[in-house]
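Novice: Okay, so here is run13.pdb, and as you'll see once you scroll down, it has PDB, C-alpha atoms and all ligand atoms.
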MODEL        1
ATOM      1  CA  MET A   1     120.184  97.704 131.099
ATOM      2  CA  ALA A   2     118.325  94.447 131.185
ATOM      3  CA  ILE A   3     117.756  91.844 128.507
ATOM      4  CA  GLU A   4     114.105  92.031 127.577
ATOM      5  CA  GLN A   5     111.684  90.412 125.162
ATOM      6  CA  THR A   6     109.042  92.469 123.405
ATOM      7  CA  LEU A   7     106.058  91.577 121.231
ATOM      8  CA  ILE A   8     105.643  93.022 117.755
ATOM      9  CA  LEU A   9     102.575  92.520 115.572
ATOM     10  CA  ILE A  10     102.435  93.563 111.934
ATOM     11  CA  LYS A  11      98.961  95.080 112.022
ATOM     12  CA  PRO A  12      96.479  94.515 109.174
ATOM     13  CA  ASP A  13      97.179  97.876 107.507
ATOM     14  CA  GLY A  14     100.890  97.051 107.550
ATOM     15  CA  ALA A  15     100.276  93.619 106.052
ATOM     16  CA  LYS A  16      97.874  94.954 103.407
ATOM     17  CA  ARG A  17     100.360  97.630 102.324
ATOM     18  CA  ARG A  18     103.196  95.083 102.158
ATOM     19  CA  LEU A  19     105.208  96.713 104.928
ATOM     20  CA  THR A  20     106.117  93.452 106.692
ATOM     21  CA  GLY A  21     109.579  93.280 105.161
ATOM     22  CA  LEU A  22     110.303  96.919 105.877
ATOM     23  CA  ALA A  23     109.326  96.507 109.535
ATOM     24  CA  ILE A  24     111.491  93.406 109.959
ATOM     25  CA  ASP A  25     114.374  95.127 108.159
ATOM     26  CA  ARG A  26     114.290  98.042 110.607
ATOM     27  CA  LEU A  27     113.946  95.770 113.624
ATOM     28  CA  ASP A  28     116.853  93.597 112.451
ATOM     29  CA  ALA A  29     119.020  96.650 111.787
ATOM     30  CA  SER A  30     118.639  97.571 115.468
ATOM     31  CA  GLY A  31     120.806  94.601 116.399
ATOM     32  CA  LEU A  32     118.072  93.009 118.494
ATOM     33  CA  GLN A  33     117.571  89.270 118.069
ATOM     34  CA  LEU A  34     114.480  87.746 116.483
ATOM     35  CA  VAL A  35     113.624  84.865 118.852
ATOM     36  CA  ALA A  36     110.073  83.926 117.779
ATOM     37  CA  ALA A  37     107.781  84.392 114.781
ATOM     38  CA  LYS A  38     104.469  82.951 113.634
ATOM     39  CA  VAL A  39     101.334  83.694 111.665
ATOM     40  CA  VAL A  40      98.334  83.751 114.008
ATOM     41  CA  ARG A  41      94.607  83.708 113.359
ATOM     42  CA  VAL A  42      93.334  86.559 115.548
ATOM     43  CA  THR A  43      90.134  85.445 117.239
ATOM     44  CA  GLU A  44      87.867  87.945 118.962
ATOM     45  CA  THR A  45      88.904  86.376 122.280
ATOM     46  CA  LEU A  46      92.607  86.897 121.559
ATOM     47  CA  ALA A  47      92.030  90.454 120.325
ATOM     48  CA  LYS A  48      90.025  91.377 123.432
ATOM     49  CA  GLU A  49      92.556  89.787 125.767
ATOM     50  CA  HIS A  50      95.448  91.558 124.042
ATOM     51  CA  TYR A  51      93.770  94.961 124.354
ATOM     52  CA  LYS A  52      91.901  94.319 127.623
ATOM     53  CA  GLU A  53      93.368  97.388 129.343
ATOM     54  CA  LEU A  54      91.620  99.555 126.740
ATOM     55  CA  SER A  55      88.200  97.910 127.031
ATOM     56  CA  ASP A  56      86.513 101.045 128.400
ATOM     57  CA  LYS A  57      87.789 103.319 125.596
ATOM     58  CA  PRO A  58      85.336 104.554 122.984
ATOM     59  CA  PHE A  59      87.580 103.268 120.186
ATOM     60  CA  PHE A  60      87.771  99.724 121.651
ATOM     61  CA  PRO A  61      85.096  98.045 119.461
ATOM     62  CA  ASN A  62      86.714  99.283 116.263
ATOM     63  CA  LEU A  63      90.189  98.461 117.602
ATOM     64  CA  ILE A  64      89.087  94.833 118.003
ATOM     65  CA  ARG A  65      87.753  94.803 114.441
ATOM     66  CA  TYR A  66      90.926  96.494 113.152
ATOM     67  CA  ILE A  67      93.359  94.033 114.769
ATOM     68  CA  GLN A  68      91.288  91.130 113.409
ATOM     69  CA  GLY A  69      91.780  92.488 109.898
ATOM     70  CA  GLU A  70      88.137  93.378 109.263
ATOM     71  CA  PHE A  71      88.917  96.813 107.826
ATOM     72  CA  HIS A  72      91.591  95.484 105.486
ATOM     73  CA  ALA A  73      89.934  92.300 104.229
ATOM     74  CA  ILE A  74      92.713  90.114 105.633
ATOM     75  CA  PRO A  75      91.856  86.465 104.913
ATOM     76  CA  GLU A  76      91.527  84.200 107.965
ATOM     77  CA  ASN A  77      92.197  87.149 110.320
ATOM     78  CA  ARG A  78      95.901  86.475 109.849
ATOM     79  CA  ILE A  79      98.583  88.482 111.588
ATOM     80  CA  LEU A  80     102.366  88.077 111.885
ATOM     81  CA  ALA A  81     103.571  88.033 115.496
ATOM     82  CA  LEU A  82     107.258  88.423 116.400
ATOM     83  CA  VAL A  83     109.334  88.513 119.550
ATOM     84  CA  TYR A  84     112.555  90.493 119.576
ATOM     85  CA  GLU A  85     115.044  90.208 122.408
ATOM     86  CA  GLY A  86     117.971  92.223 123.653
ATOM     87  CA  ASP A  87     119.186  94.986 125.945
ATOM     88  CA  ASP A  88     116.423  97.532 126.497
ATOM     89  CA  ALA A  89     114.422  95.884 123.695
ATOM     90  CA  ILE A  90     111.051  97.363 124.707
ATOM     91  CA  LYS A  91     112.142 100.994 124.464
ATOM     92  CA  ARG A  92     114.272 100.410 121.403
ATOM     93  CA  VAL A  93     111.426  98.816 119.465
ATOM     94  CA  ARG A  94     109.036 101.572 120.581
ATOM     95  CA  ALA A  95     111.518 104.118 119.216
ATOM     96  CA  ILE A  96     111.530 102.333 115.849
ATOM     97  CA  ALA A  97     107.710 102.106 115.866
ATOM     98  CA  GLY A  98     106.998 105.718 116.879
ATOM     99  CA  ALA A  99     104.201 107.322 118.859
ATOM    100  CA  THR A 100     100.721 105.784 119.054
ATOM    101  CA  ASN A 101      99.052 108.574 117.074
ATOM    102  CA  PRO A 102     100.664 108.474 113.609
ATOM    103  CA  GLU A 103     100.018 112.200 113.196
ATOM    104  CA  GLN A 104     102.239 112.832 116.222
ATOM    105  CA  ALA A 105     104.847 110.158 115.499
ATOM    106  CA  ASP A 106     108.315 111.252 114.427
ATOM    107  CA  PRO A 107     108.467 111.218 110.602
ATOM    108  CA  GLY A 108     111.446 108.828 110.681
ATOM    109  CA  THR A 109     109.537 106.122 112.555
ATOM    110  CA  ILE A 110     107.431 103.359 111.002
ATOM    111  CA  ARG A 111     104.209 104.872 112.334
ATOM    112  CA  GLY A 112     105.267 108.417 111.423
ATOM    113  CA  THR A 113     106.099 107.426 107.865
ATOM    114  CA  PHE A 114     103.366 104.914 107.068
ATOM    115  CA  GLY A 115     100.589 105.337 109.654
ATOM    116  CA  ARG A 116      97.382 107.299 109.199
ATOM    117  CA  VAL A 117      94.313 108.406 111.090
ATOM    118  CA  THR A 118      91.198 107.431 109.156
ATOM    119  CA  THR A 119      88.295 109.800 108.621
ATOM    120  CA  GLN A 120      86.476 107.742 111.291
ATOM    121  CA  GLY A 121      89.264 108.531 113.758
ATOM    122  CA  GLN A 122      90.797 105.058 113.755
ATOM    123  CA  PHE A 123      94.569 105.035 114.271
ATOM    124  CA  GLU A 124      96.072 102.740 111.641
ATOM    125  CA  ASN A 125      99.641 102.587 112.871
ATOM    126  CA  VAL A 126     101.191  99.634 111.046
ATOM    127  CA  ILE A 127     102.769  97.768 113.948
ATOM    128  CA  HIS A 128     102.134  96.900 117.563
ATOM    129  CA  ALA A 129     105.049  97.073 119.994
ATOM    130  CA  SER A 130     104.761  96.274 123.703
ATOM    131  CA  GLY A 131     104.573  99.481 125.735
ATOM    132  CA  ASN A 132     106.360  98.551 128.966
ATOM    133  CA  ALA A 133     107.889  95.625 130.851
ATOM    134  CA  GLY A 134     104.595  94.441 132.337
ATOM    135  CA  ASP A 135     102.792  94.555 128.995
ATOM    136  CA  ALA A 136     105.699  92.829 127.247
ATOM    137  CA  VAL A 137     105.740  89.822 129.585
ATOM    138  CA  ARG A 138     101.956  89.478 129.445
ATOM    139  CA  GLU A 139     101.778  89.878 125.659
ATOM    140  CA  VAL A 140     104.652  87.525 124.799
ATOM    141  CA  LYS A 141     102.935  84.848 126.922
ATOM    142  CA  LEU A 142      99.564  85.543 125.344
ATOM    143  CA  TRP A 143     100.802  85.129 121.755
ATOM    144  CA  PHE A 144     103.522  82.475 122.143
ATOM    145  CA  THR A 145     104.099  79.313 124.130
ATOM    146  CA  ALA A 146     107.465  78.990 125.879
ATOM    147  CA  ASP A 147     108.524  76.313 123.350
ATOM    148  CA  GLU A 148     108.015  78.685 120.433
ATOM    149  CA  ILE A 149     110.590  81.158 121.762
ATOM    150  CA  VAL A 150     114.121  80.181 120.808
ATOM    151  CA  SER A 151     116.230  81.930 123.383
ATOM    152  CA  GLY A 152     118.793  80.958 125.945
ATOM    153  CA  SER A 153     118.934  84.388 127.550
ATOM    154  CA  LEU A 154     115.739  84.591 129.547
ATOM    155  CA  ALA A 155     114.375  81.978 131.911
ATOM    156  CA  LYS A 156     111.150  80.482 130.600
ATOM    157  CA  ALA A 157     108.389  81.270 133.050
TER     158      ALA A 157
HETATM  159  P1  LIG B 201     100.339 101.656 121.608
HETATM  160  O1  LIG B 201      99.898 100.715 120.501
HETATM  161  O2  LIG B 201     101.256 102.736 121.086
HETATM  162  O3  LIG B 201     100.928 100.927 122.799
HETATM  163  P2  LIG B 201      97.901 102.009 123.148
HETATM  164  O4  LIG B 201      97.531 103.221 123.933
HETATM  165  O5  LIG B 201      98.305 100.770 123.901
HETATM  166  O6  LIG B 201      99.055 102.436 122.122
HETATM  167  O7  LIG B 201      96.677 101.683 122.189
HETATM  168  C1  LIG B 201      96.631 100.480 121.465
HETATM  169  C2  LIG B 201      96.139 100.765 120.060
HETATM  170  O8  LIG B 201      94.811 101.312 120.123
HETATM  171  C3  LIG B 201      96.941 101.794 119.285
HETATM  172  O9  LIG B 201      98.110 101.285 118.699
HETATM  173  C4  LIG B 201      95.928 102.249 118.256
HETATM  174  O10 LIG B 201      95.797 101.271 117.214
HETATM  175  C5  LIG B 201      94.639 102.259 119.078
HETATM  176  N1  LIG B 201      94.382 103.574 119.677
HETATM  177  C6  LIG B 201      94.971 104.086 120.786
HETATM  178  N2  LIG B 201      94.478 105.308 121.062
HETATM  179  C7  LIG B 201      93.568 105.571 120.098
HETATM  180  C8  LIG B 201      92.703 106.695 119.851
HETATM  181  O11 LIG B 201      92.690 107.711 120.560
HETATM  182  N3  LIG B 201      91.895 106.605 118.749
HETATM  183  C9  LIG B 201      91.883 105.497 117.922
HETATM  184  N4  LIG B 201      92.673 104.429 118.139
HETATM  185  C10 LIG B 201      93.501 104.460 119.216
HETATM  186 MG    MG B 202     100.075  99.712 124.224
ENDMDL
END
What would the structure in this file look like if it were written as C-alpha cells?
Ligand code: IDP
Ligand code: MG
Specialist:
Amino acid sequence: MAIEQTLILIKPDGAKRRLTGLAIDRLDASGLQLVAAKVVRVTETLAKEHYKELSDKPFFPNLIRYIQGEFHAIPENRILALVYEGDDAIKRVRAIAGATNPEQADPGTIRGTFGRVTTQGQFENVIHASGNAGDAVREVKLWFTADEIVSGSLAKA
C-alpha cells in the first residue's frame, strides 16, 4: 500500500444540514491524518475545472451550480476543503463516503445515510472524495498550494 493524499469537500447540502462535524468525525476515526483544511470561495472557474471531466454530461450545468452552493443559499459560495493522508487513503475515504448515487450507496456510508436524489434528478451526496490516484493528485493541487499542506510524508510536487 502506498501513502496517498485525497481531497474531500463538504458539499453545500452537507454544510447546510450541519454535517461537517459528522464527516470529519468519521474521517478522523479512520486513522488517516488531516494534513490540510480551508474554507474556499467556489468560483465558477474553480467549479468547472474541478469537474472538467464531466463537462459533457447532461447534469454538468446543475452540478456547477450545486457545488457553488446556489441550491442551498450558501453565502459567498463557501465550501470546506480538506486533505487526508495515509495508506490507501483514496479508497478508504471513498468507502466512508459511499457510492456516487445516494440511492445506491451503502446505508452505513455518509452518502447512503444523508444523501438524496432531488426530484430534478440532482445527486446531493454530502461530500466529495477523490475517485482515483490521478484525480486525487490533480484535485489536491487545484484546491491547495503546496505550502498549505502540512505533511512530511509526500514530496511536494
Ligand atoms: P463521485 O463524486 O462519486 O466521484 P463522479 O462520477 O465523479 O462521482 O461525479 C461527480 C458528482 O457529479 C457526483 O458526486 C454527483 O454530485 C454528480 N453526479 C454524478 N453522476 C450524476 C448523475 O447521474 N446525476 C446527477 N448528478 C450526478
Ligand atoms: Mg469523481
Novice: Which residues sit within 7 Å of ligand LIG 201 (chain B), counting only C-alpha atoms and all ligand atoms, listed as a list of chain:residue names?
Specialist: A:Tyr51, A:Phe59, A:Leu63, A:Ala99, A:Thr100, A:Asn101, A:Gly121, A:Gln122, A:Phe123, A:Glu124, A:Asn125, A:His128, A:Ala129, A:Ser130, A:Gly131
Novice: Hey, can you spit out that residue selection with C-alpha atoms as an mmCIF file, in the coordinates of the input?
Specialist:
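Below you can see selection.cif, which holds the result:
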data_model
loop_
_atom_site.group_PDB
_atom_site.id
_atom_site.type_symbol
_atom_site.label_atom_id
_atom_site.label_comp_id
_atom_site.auth_asym_id
_atom_site.auth_seq_id
_atom_site.Cartn_x
_atom_site.Cartn_y
_atom_site.Cartn_z
ATOM 1 C CA TYR A 51 93.770 94.961 124.354
ATOM 2 C CA PHE A 59 87.580 103.268 120.186
ATOM 3 C CA LEU A 63 90.189 98.461 117.602
ATOM 4 C CA ALA A 99 104.201 107.322 118.859
ATOM 5 C CA THR A 100 100.721 105.784 119.054
ATOM 6 C CA ASN A 101 99.052 108.574 117.074
ATOM 7 C CA GLY A 121 89.264 108.531 113.758
ATOM 8 C CA GLN A 122 90.797 105.058 113.755
ATOM 9 C CA PHE A 123 94.569 105.035 114.271
ATOM 10 C CA GLU A 124 96.072 102.740 111.641
ATOM 11 C CA ASN A 125 99.641 102.587 112.871
ATOM 12 C CA HIS A 128 102.134 96.900 117.563
ATOM 13 C CA ALA A 129 105.049 97.073 119.994
ATOM 14 C CA SER A 130 104.761 96.274 123.703
ATOM 15 C CA GLY A 131 104.573 99.481 125.735
#
Novice: Find the distance between CA of Asn132 (chain A) and CA of Gln120 (chain A) and write it in Å to one decimal.
Specialist: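 Going from CA of Asn132 (chain A) over to CA of Gln120 (chain A) covers 28.1 Å.
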Novice: Could you tell me, as an MDAnalysis selection string, exactly which residues end up selected when the PyMOL selection byres (((chain A and resi 86-93) around 9) and not hetatm) is applied to this structure?
Specialist: chainID A and resid 1:8 27 30:33 84:85 94:98 129:133 136 153
Novice: When the PyMOL selection byres (((chain A and resi 17) around 12) and not hetatm) is applied to the file above, which residues end up in the set, as a list in words?
Specialist: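 That expression, the PyMOL selection byres (((chain A and resi 17) around 12) and not hetatm), corresponds here to Ile10, Lys11, Pro12, Asp13, Gly14, Ala15, Lys16, Arg18, Leu19, Thr20, Gly21, Leu22, Ala23, His72, Ala73, Ile74, Phe114, Gly115, Glu124, Asn125, Val126 and Ile127 of chain A.
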Novice: Would you mind listing what lies within 10 Å of Ser151 (chain A) as a list in words, with all atoms listed in the file counted and same-chain residues fewer than 3 positions away left out?
Specialist: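 Here the qualifying residues turn out to be Gln5, Gln33, Leu34, Val35, Ala36, Glu85, Ala146, Asp147, Glu148, Leu154, Ala155 and Lys156 of chain A.
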Novice: Work out how far apart CA of Pro102 (chain A) and CA of Val117 (chain A) are and give it in Å to one decimal.
Specialist: 6.8 Å
Novice: Calculate how many Å separate CA of Ala37 (chain A) from CA of Val150 (chain A), rounding to one decimal.
Specialist: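 Calculated distance between CA of Ala37 (chain A) and CA of Val150 (chain A) is 9.7 Å.
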Novice: List the residues selected by the PyMOL selection byres (((chain A and resi 42) around 7) and not hetatm) in the file shown, writing them as an NGL selection string.
Specialist: :A and (40-41 or 43-44 or 46-47 or 68 or 77-79)
Novice: Of the candidates A:Arg116, A:Lys141, A:Gln104, A:Gly134, which shows the shortest atom-to-atom distance to ligand MG 202 (chain B), using only C-alpha atoms and all ligand atoms?
Specialist: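 The answer is A:Gly134, which sits nearest to ligand MG 202 (chain B).
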Novice: For Pro61 (chain A), find every residue with an atom within 12 Å (counting all atoms listed in the file), except residues of its own chain fewer than 3 positions away, and show them as a PyMOL selection string.
Specialist: chain A and resi 44+47-48+51-52+54-58+64-68+70+122
Novice: Tell me which of A:Glu76, A:Glu103, A:Glu49, A:Asp135 sits closest to ligand MG 202 (chain B), counting only C-alpha atoms and all ligand atoms.
Specialist: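 Of the candidates, the smallest distance to ligand MG 202 (chain B) is held by A:Asp135.
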Novice: Taking into account all atoms listed in the file, which residue in the set A:Ile110, A:Leu82, A:Ile24, A:Leu9 is nearest to ligand MG 202 (chain B)?
Specialist: A:Leu9
Novice: Of the residues A:Thr119, A:Phe71, A:Glu139, A:Asp25, which is the one nearest to ligand MG 202 (chain B), using all atoms listed in the file?
Specialist: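 For ligand MG 202 (chain B), the nearest of the given residues is A:Glu139.
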